>>> print(open('run20.pdb').read())   # PDB, C-alpha atoms
ATOM      1  CA  MET H1480       0.000   0.000   0.000
ATOM      2  CA  THR H1481       1.406   3.388  -1.038
ATOM      3  CA  LEU H1482       1.333   6.046   1.656
ATOM      4  CA  SER H1483       0.205   9.576   0.919
ATOM      5  CA  ARG H1484       2.742  12.402   1.077
ATOM      6  CA  LYS H1485       1.160  13.580   4.328
ATOM      7  CA  ALA H1486       1.491  10.123   5.879
ATOM      8  CA  ARG H1487       5.127   9.837   4.740
ATOM      9  CA  LEU H1488       5.947  13.215   6.276
ATOM     10  CA  PHE H1489       4.211  12.189   9.499
ATOM     11  CA  GLN H1490       6.309   9.013   9.671
ATOM     12  CA  GLN H1491       9.479  10.953   8.891
ATOM     13  CA  ARG H1492       8.782  13.443  11.668
ATOM     14  CA  GLU H1493       8.083  10.610  14.091
ATOM     15  CA  ALA H1494      11.396   8.971  13.198
ATOM     16  CA  GLU H1495      13.170  12.294  13.773
ATOM     17  CA  ILE H1496      11.588  12.577  17.226
ATOM     18  CA  VAL H1497      12.692   9.044  18.112
ATOM     19  CA  GLU H1498      16.231   9.730  16.899
ATOM     20  CA  ALA H1499      16.425  12.979  18.884
ATOM     21  CA  ALA H1500      15.109  11.264  22.005
ATOM     22  CA  THR H1501      17.525   8.351  21.621
ATOM     23  CA  ASN H1502      20.484  10.721  21.396
ATOM     24  CA  LEU H1503      19.401  12.408  24.630
ATOM     25  CA  PHE H1504      18.663   9.161  26.468
ATOM     26  CA  ARG H1505      22.095   7.808  25.593
ATOM     27  CA  ILE H1506      23.895  10.549  27.527
ATOM     28  CA  ASN H1507      21.377  11.342  30.290
ATOM     29  CA  ASP H1508      19.393   9.465  32.910
ATOM     30  CA  LEU H1509      16.060   8.498  31.389
ATOM     31  CA  ASP H1510      14.108  10.238  34.149
ATOM     32  CA  LYS H1511      15.957  13.510  33.584
ATOM     33  CA  VAL H1512      15.076  13.867  29.897
ATOM     34  CA  SER H1513      11.922  15.919  29.305
ATOM     35  CA  ILE H1514       9.571  16.279  26.355
ATOM     36  CA  ASP H1515      10.743  19.901  26.115
ATOM     37  CA  GLN H1516      14.331  18.741  25.648
ATOM     38  CA  ILE H1517      13.322  16.158  23.064
ATOM     39  CA  ALA H1518      11.408  18.810  21.114
ATOM     40  CA  ARG H1519      14.386  21.184  21.145
ATOM     41  CA  GLN H1520      16.735  18.389  20.094
ATOM     42  CA  ALA H1521      14.418  17.563  17.175
ATOM     43  CA  GLY H1522      14.034  21.230  16.251
ATOM     44  CA  ILE H1523      10.261  21.232  16.659
ATOM     45  CA  GLY H1524       7.646  22.469  19.116
ATOM     46  CA  LYS H1525       6.558  20.499  22.166
ATOM     47  CA  GLY H1526       3.030  20.274  20.745
ATOM     48  CA  THR H1527       4.332  18.496  17.669
ATOM     49  CA  VAL H1528       5.897  15.786  19.834
ATOM     50  CA  TYR H1529       2.503  15.211  21.470
ATOM     51  CA  LYS H1530       0.902  14.765  18.049
ATOM     52  CA  HIS H1531       3.010  11.605  17.744
ATOM     53  CA  PHE H1532       3.463  10.403  21.325
ATOM     54  CA  THR H1533       1.328  10.922  24.424
ATOM     55  CA  SER H1534       4.251  10.543  26.857
ATOM     56  CA  LYS H1535       7.990  10.038  27.202
ATOM     57  CA  ASP H1536       7.371   6.396  28.105
ATOM     58  CA  GLU H1537       5.638   5.915  24.772
ATOM     59  CA  ILE H1538       8.766   7.204  23.032
ATOM     60  CA  LEU H1539      10.861   4.724  25.041
ATOM     61  CA  VAL H1540       8.575   1.913  23.894
ATOM     62  CA  ARG H1541       9.015   3.008  20.283
ATOM     63  CA  ILE H1542      12.800   2.990  20.680
ATOM     64  CA  MET H1543      12.712  -0.515  22.138
ATOM     65  CA  ILE H1544      10.372  -1.821  19.438
ATOM     66  CA  ASP H1545      12.491  -0.340  16.648
ATOM     67  CA  LEU H1546      15.665  -1.835  18.140
ATOM     68  CA  ASN H1547      14.045  -5.241  18.484
ATOM     69  CA  ARG H1548      12.711  -5.176  14.944
ATOM     70  CA  ALA H1549      16.202  -4.377  13.658
ATOM     71  CA  MET H1550      17.595  -7.307  15.652
ATOM     72  CA  ARG H1551      14.824  -9.597  14.427
ATOM     73  CA  LYS H1552      15.695  -8.669  10.841
ATOM     74  CA  GLU H1553      19.309  -9.727  11.460
ATOM     75  CA  ILE H1554      18.120 -13.018  12.957
ATOM     76  CA  SER H1555      15.794 -13.671  10.009
ATOM     77  CA  GLU H1556      18.800 -13.487   7.690
ATOM     78  CA  ILE H1557      20.495 -16.440   9.416
ATOM     79  CA  HIS H1558      20.244 -19.403   7.039
ATOM     80  CA  THR H1559      17.543 -21.853   8.105
ATOM     81  CA  ASP H1560      19.379 -24.805   6.556
ATOM     82  CA  LEU H1561      22.230 -24.611   9.069
ATOM     83  CA  ALA H1562      22.615 -27.382  11.618
ATOM     84  CA  PHE H1563      20.678 -26.606  14.786
ATOM     85  CA  ARG H1564      23.731 -25.888  16.931
ATOM     86  CA  GLN H1565      25.216 -23.478  14.403
ATOM     87  CA  ARG H1566      21.913 -21.713  13.872
ATOM     88  CA  LEU H1567      21.380 -21.463  17.630
ATOM     89  CA  ASN H1568      24.903 -20.106  18.112
ATOM     90  CA  ASN H1569      24.325 -17.509  15.402
ATOM     91  CA  ILE H1570      21.029 -16.400  16.948
ATOM     92  CA  ILE H1571      22.577 -16.062  20.411
ATOM     93  CA  ALA H1572      25.535 -14.178  18.918
ATOM     94  CA  THR H1573      23.178 -11.786  17.109
ATOM     95  CA  ILE H1574      21.262 -11.038  20.306
ATOM     96  CA  TRP H1575      24.504 -10.681  22.289
ATOM     97  CA  ASP H1576      26.156  -8.390  19.737
ATOM     98  CA  HIS H1577      23.015  -6.271  19.452
ATOM     99  CA  ASP H1578      22.808  -5.754  23.206
ATOM    100  CA  MET H1579      26.530  -5.014  23.559
ATOM    101  CA  ARG H1580      26.672  -2.289  20.882
ATOM    102  CA  ASP H1581      25.214   0.342  23.193
ATOM    103  CA  SER H1582      25.199  -1.620  26.410
ATOM    104  CA  GLN H1583      24.854   1.067  29.066
ATOM    105  CA  PHE H1584      21.943   2.769  27.321
ATOM    106  CA  LEU H1585      20.221  -0.565  26.687
ATOM    107  CA  ARG H1586      20.767  -1.614  30.301
ATOM    108  CA  ARG H1587      19.030   1.529  31.553
ATOM    109  CA  LEU H1588      16.284   1.214  28.949
ATOM    110  CA  ASN H1589      15.514  -2.420  29.778
ATOM    111  CA  LEU H1590      15.476  -1.826  33.527
ATOM    112  CA  HIS H1591      13.055   1.049  33.016
ATOM    113  CA  LEU H1592      10.781  -1.001  30.769
ATOM    114  CA  MET H1593      10.571  -3.806  33.339
ATOM    115  CA  THR H1594       8.966  -1.675  36.042
ATOM    116  CA  THR H1595       5.270  -2.188  36.793
ATOM    117  CA  ASP H1596       4.519   1.537  36.847
ATOM    118  CA  PHE H1597       5.912   1.888  33.362
ATOM    119  CA  ARG H1598       3.535  -0.664  31.841
ATOM    120  CA  ASN H1599       0.573   0.673  33.825
ATOM    121  CA  ASN H1600       1.062   4.112  32.281
ATOM    122  CA  LEU H1601       0.919   2.920  28.675
ATOM    123  CA  LYS H1602      -2.111   3.277  26.425
ATOM    124  CA  PRO H1603      -3.867  -0.076  25.781
ATOM    125  CA  GLU H1604      -2.904  -0.039  22.090
ATOM    126  CA  VAL H1605       0.772   0.559  22.902
ATOM    127  CA  LEU H1606       0.744  -2.221  25.492
ATOM    128  CA  GLU H1607      -0.896  -4.481  22.921
ATOM    129  CA  GLU H1608       1.906  -3.744  20.454
ATOM    130  CA  LEU H1609       4.447  -4.699  23.108
ATOM    131  CA  ASN H1610       2.581  -7.924  23.858
ATOM    132  CA  GLN H1611       2.332  -8.714  20.145
ATOM    133  CA  LEU H1612       6.070  -8.258  19.736
ATOM    134  CA  GLN H1613       6.673 -10.706  22.587
ATOM    135  CA  ALA H1614       4.196 -13.190  21.124
ATOM    136  CA  GLU H1615       5.877 -13.066  17.707
ATOM    137  CA  ASP H1616       9.286 -13.670  19.277
ATOM    138  CA  ASN H1617       7.971 -16.615  21.281
ATOM    139  CA  ALA H1618       6.333 -18.121  18.193
ATOM    140  CA  PHE H1619       9.610 -17.900  16.254
ATOM    141  CA  TYR H1620      11.671 -19.577  18.973
ATOM    142  CA  LEU H1621       9.051 -22.232  19.662
ATOM    143  CA  MET H1622       9.085 -23.134  15.972
ATOM    144  CA  LEU H1623      12.896 -23.368  16.053
ATOM    145  CA  LEU H1624      12.821 -25.643  19.109
ATOM    146  CA  ARG H1625       9.950 -27.745  17.746
ATOM    147  CA  ASP H1626      11.831 -28.390  14.511
ATOM    148  CA  ALA H1627      14.976 -29.389  16.419
ATOM    149  CA  GLN H1628      12.975 -31.646  18.700
ATOM    150  CA  GLN H1629      11.326 -33.420  15.768
ATOM    151  CA  LYS H1630      14.812 -34.121  14.406
ATOM    152  CA  ASN H1631      15.921 -35.466  17.810
ATOM    153  CA  GLU H1632      18.524 -32.703  18.081
ATOM    154  CA  ILE H1633      17.352 -31.543  21.527
ATOM    155  CA  VAL H1634      15.755 -33.077  24.605
ATOM    156  CA  ASN H1635      12.154 -34.238  24.469
ATOM    157  CA  GLU H1636      10.739 -31.866  27.082
ATOM    158  CA  PRO H1637       7.835 -29.376  26.927
ATOM    159  CA  LEU H1638       8.699 -26.652  24.446
ATOM    160  CA  GLU H1639       7.435 -23.839  26.665
ATOM    161  CA  SER H1640       9.779 -24.980  29.436
ATOM    162  CA  LEU H1641      12.729 -25.140  27.052
ATOM    163  CA  LEU H1642      11.923 -21.687  25.693
ATOM    164  CA  PHE H1643      11.710 -20.258  29.202
ATOM    165  CA  SER H1644      15.077 -21.769  30.132
ATOM    166  CA  VAL H1645      16.844 -20.559  26.991
ATOM    167  CA  ARG H1646      15.466 -17.035  27.181
ATOM    168  CA  ALA H1647      16.201 -16.817  30.896
ATOM    169  CA  ALA H1648      19.792 -17.908  30.265
ATOM    170  CA  VAL H1649      20.334 -15.381  27.454
ATOM    171  CA  ASP H1650      18.588 -12.469  29.188
ATOM    172  CA  GLY H1651      20.197 -13.240  32.525
ATOM    173  CA  ALA H1652      23.676 -13.503  31.020
ATOM    174  CA  ILE H1653      23.299 -10.167  29.239
ATOM    175  CA  LEU H1654      21.984  -8.401  32.358
ATOM    176  CA  HIS H1655      24.824  -9.874  34.418
ATOM    177  CA  TYR H1656      27.450  -8.871  31.865
ATOM    178  CA  TRP H1657      26.044  -5.332  31.724
ATOM    179  CA  GLN H1658      26.432  -5.125  35.494
ATOM    180  CA  LEU H1659      30.009  -6.447  35.367
ATOM    181  CA  GLU H1660      30.754  -3.951  32.628
ATOM    182  CA  ARG H1661      29.290  -1.084  34.616
ATOM    183  CA  THR H1662      31.423  -1.906  37.658
ATOM    184  CA  GLY H1663      34.562  -2.367  35.555
ATOM    185  CA  GLU H1664      34.947  -6.092  36.243
ATOM    186  CA  VAL H1665      35.154  -6.991  32.546
ATOM    187  CA  SER H1666      36.743  -5.434  29.484
ATOM    188  CA  THR H1667      35.977  -5.430  25.780
ATOM    189  CA  SER H1668      38.218  -8.452  25.271
ATOM    190  CA  ASP H1669      35.978 -10.516  27.591
ATOM    191  CA  LYS H1670      32.892 -10.268  25.390
ATOM    192  CA  ALA H1671      33.798 -13.053  22.962
ATOM    193  CA  ARG H1672      34.820 -15.403  25.777
ATOM    194  CA  TYR H1673      31.593 -14.902  27.692
ATOM    195  CA  LEU H1674      29.531 -15.265  24.526
ATOM    196  CA  THR H1675      31.151 -18.627  23.780
ATOM    197  CA  ALA H1676      30.531 -19.758  27.360
ATOM    198  CA  LEU H1677      26.850 -18.804  27.034
ATOM    199  CA  GLN H1678      26.465 -20.600  23.694
ATOM    200  CA  ASN H1679      28.051 -23.784  25.071
ATOM    201  CA  PHE H1680      25.981 -23.678  28.255
ATOM    202  CA  ILE H1681      22.682 -23.352  26.382
ATOM    203  CA  TYR H1682      23.517 -26.076  23.884
ATOM    204  CA  ARG H1683      24.552 -28.494  26.650
ATOM    205  CA  SER H1684      21.260 -27.821  28.442
ATOM    206  CA  LEU H1685      19.311 -28.719  25.285
ATOM    207  CA  ARG H1686      21.359 -31.670  24.092
ATOM    208  CA  PRO H1687      19.525 -35.035  24.332
TER     209      PRO H1687
END
>>> encode(input="run20.pdb", output="structure tokens")
Amino acid sequence: MTLSRKARLFQQREAEIVEAATNLFRINDLDKVSIDQIARQAGIGKGTVYKHFTSKDEILVRIMIDLNRAMRKEISEIHTDLAFRQRLNNIIATIWDHDMRDSQFLRRLNLHLMTTDFRNNLKPEVLEELNQLQAEDNAFYLMLLRDAQQKNEIVNEPLESLLFSVRAAVDGAILHYWQLERTGEVSTSDKARYLTALQNFIYRSLRP
């Protein structure tokens, strides 16, 4: 479907707002960035920001969704005909690399998004988009695990339990590494070593 010129300009302006906000969030505490600052950074009026987003939290959701869609695109480009272990390793590496590119900003963003108050303040349609994103991710990984299980490449256990364990391992490892990075306990050279350890741990937990 071809968008009208007005719709294209609206989308362009929205992208500019998100980019301006992201630049501010990267160098400031999330709570200290205001809509006024975002508007000035984008070179527009505060009212224009509110034509696109009802709150700062809604902008944060848009940033997270855009980042996750970019990561999902990278994952979709991993060849499906690879052996399960190689495909799994590539997926984990893609997630790891994505979350390490701008780790301190992503750490603060994810911690903010996990709070109950944050989700309670979202419009129903925005919350639904978040839930849909999660559902699509779960469907993709369940399909991957189901295919591997049918080929006897992984343990014959409930898929939902396997998915929970894998996602908990990946998310937990990234959160832990972010914390180690923040306190100076790891350096850039440690990233590859910890990634390999994570890949091996997850594969061993799935191996029949």
>>> axis_aligned_box(input="run20.pdb", around="region 1578-1591 of chain H", padding_each_side="3 Å", output="lines of an AutoDock Vina configuration file")
center_x = 19.9
center_y = -1.5
center_z = 27.2
size_x = 19.6
size_y = 14.5
size_z = 18.6
>>> resolve_selection(input="run20.pdb", expression="the PyMOL selection byres ((chain H and resi 1687) around 6)", output="number ranges by chain")
H: 1633-1634, 1686
>>> resolve_selection(input="run20.pdb", expression="the PyMOL selection byres ((chain H and resi 1521) around 8)", output="ChimeraX atom specification")
/H:1495-1496,1499-1500,1517-1520,1522-1523
>>> closest_residue(input="run20.pdb", among="H:Tyr1620, H:Phe1563, H:Asp1669, H:Leu1606", to="Ile1544 (chain H)", atoms="only C-alpha atoms")
H:Leu1606
>>> resolve_selection(input="run20.pdb", expression="the PyMOL selection byres ((chain H and resi 1654) around 10)", output="number ranges by chain")
H: 1578, 1582, 1585-1586, 1589-1590, 1648-1653, 1655-1660
>>> write_last_selection(input="run20.pdb", atoms="C-alpha atoms", output="compact mmCIF listing (two decimals), in the frame of the given file")
# COMPACT_ATOMS: atom_id res chain seq x y z
CA ASP H 1578 22.81 -5.75 23.21
CA SER H 1582 25.20 -1.62 26.41
CA LEU H 1585 20.22 -0.56 26.69
CA ARG H 1586 20.77 -1.61 30.30
CA ASN H 1589 15.51 -2.42 29.78
CA LEU H 1590 15.48 -1.83 33.53
CA ALA H 1648 19.79 -17.91 30.26
CA VAL H 1649 20.33 -15.38 27.45
CA ASP H 1650 18.59 -12.47 29.19
CA GLY H 1651 20.20 -13.24 32.52
CA ALA H 1652 23.68 -13.50 31.02
CA ILE H 1653 23.30 -10.17 29.24
CA HIS H 1655 24.82 -9.87 34.42
CA TYR H 1656 27.45 -8.87 31.86
CA TRP H 1657 26.04 -5.33 31.72
CA GLN H 1658 26.43 -5.12 35.49
CA LEU H 1659 30.01 -6.45 35.37
CA GLU H 1660 30.75 -3.95 32.63
>>> residues_near_point(input="run20.pdb", point="(14.7, -18.9, 28.7)", cutoff="12 Å", atoms="only C-alpha atoms", output="list of chain:residue names")
H:Ile1571, H:Asn1617, H:Tyr1620, H:Leu1621, H:Leu1624, H:Leu1638, H:Glu1639, H:Ser1640, H:Leu1641, H:Leu1642, H:Phe1643, H:Ser1644, H:Val1645, H:Arg1646, H:Ala1647, H:Ala1648, H:Val1649, H:Asp1650, H:Gly1651, H:Ala1652, H:Ile1681, H:Ser1684, H:Leu1685
>>> closest_residue(input="run20.pdb", among="H:Leu1488, H:Met1579, H:Phe1584, H:Ala1562", to="Phe1504 (chain H)", atoms="only C-alpha atoms")
H:Phe1584
>>> closest_residue(input="run20.pdb", among="H:Gln1565, H:Thr1501, H:Asn1507, H:Gln1516", to="Ile1542 (chain H)", atoms="all atoms listed in the file")
H:Thr1501
>>> atom_distance(input="run20.pdb", atom1="CA of Glu1604 (chain H)", atom2="CA of Leu1539 (chain H)")
14.9 Å
>>> atom_distance(input="run20.pdb", atom1="CA of Asp1581 (chain H)", atom2="CA of Phe1532 (chain H)")
24.0 Å
>>> build_atoms(input="run20.pdb", residues="region 1560-1575 of chain H", atoms="N, CA and C atoms", output="short mmCIF file (atom, residue, chain, number, x, y, z; two decimals), keeping the file's coordinate frame")
data_model
loop_
_atom_site.label_atom_id
_atom_site.label_comp_id
_atom_site.auth_asym_id
_atom_site.auth_seq_id
_atom_site.Cartn_x
_atom_site.Cartn_y
_atom_site.Cartn_z
N ASP H 1560 18.90 -23.45 6.85
CA ASP H 1560 19.38 -24.80 6.56
C ASP H 1560 20.64 -25.17 7.34
N LEU H 1561 21.08 -24.30 8.23
CA LEU H 1561 22.23 -24.61 9.07
C LEU H 1561 21.86 -25.69 10.08
N ALA H 1562 22.85 -26.43 10.54
CA ALA H 1562 22.62 -27.38 11.62
C ALA H 1562 22.12 -26.62 12.84
N PHE H 1563 21.32 -27.29 13.67
CA PHE H 1563 20.68 -26.61 14.79
C PHE H 1563 21.68 -25.88 15.68
N ARG H 1564 22.78 -26.53 16.01
CA ARG H 1564 23.73 -25.89 16.93
C ARG H 1564 24.31 -24.61 16.32
N GLN H 1565 24.65 -24.66 15.04
CA GLN H 1565 25.22 -23.48 14.40
C GLN H 1565 24.19 -22.37 14.30
N ARG H 1566 22.96 -22.73 13.97
CA ARG H 1566 21.91 -21.71 13.87
C ARG H 1566 21.64 -21.10 15.25
N LEU H 1567 21.59 -21.96 16.27
CA LEU H 1567 21.38 -21.46 17.63
C LEU H 1567 22.51 -20.54 18.05
N ASN H 1568 23.75 -20.95 17.77
CA ASN H 1568 24.90 -20.11 18.11
C ASN H 1568 24.83 -18.75 17.42
N ASN H 1569 24.42 -18.76 16.16
CA ASN H 1569 24.32 -17.51 15.40
C ASN H 1569 23.23 -16.59 15.96
N ILE H 1570 22.11 -17.19 16.37
CA ILE H 1570 21.03 -16.40 16.95
C ILE H 1570 21.48 -15.78 18.26
N ILE H 1571 22.10 -16.58 19.12
CA ILE H 1571 22.58 -16.06 20.41
C ILE H 1571 23.61 -14.97 20.18
N ALA H 1572 24.51 -15.17 19.22
CA ALA H 1572 25.54 -14.18 18.92
C ALA H 1572 24.91 -12.88 18.42
N THR H 1573 23.86 -12.98 17.62
CA THR H 1573 23.18 -11.79 17.11
C THR H 1573 22.55 -11.00 18.25
N ILE H 1574 21.87 -11.70 19.15
CA ILE H 1574 21.26 -11.04 20.31
C ILE H 1574 22.34 -10.41 21.18
N TRP H 1575 23.40 -11.16 21.44
CA TRP H 1575 24.50 -10.68 22.29
C TRP H 1575 25.15 -9.44 21.68
#
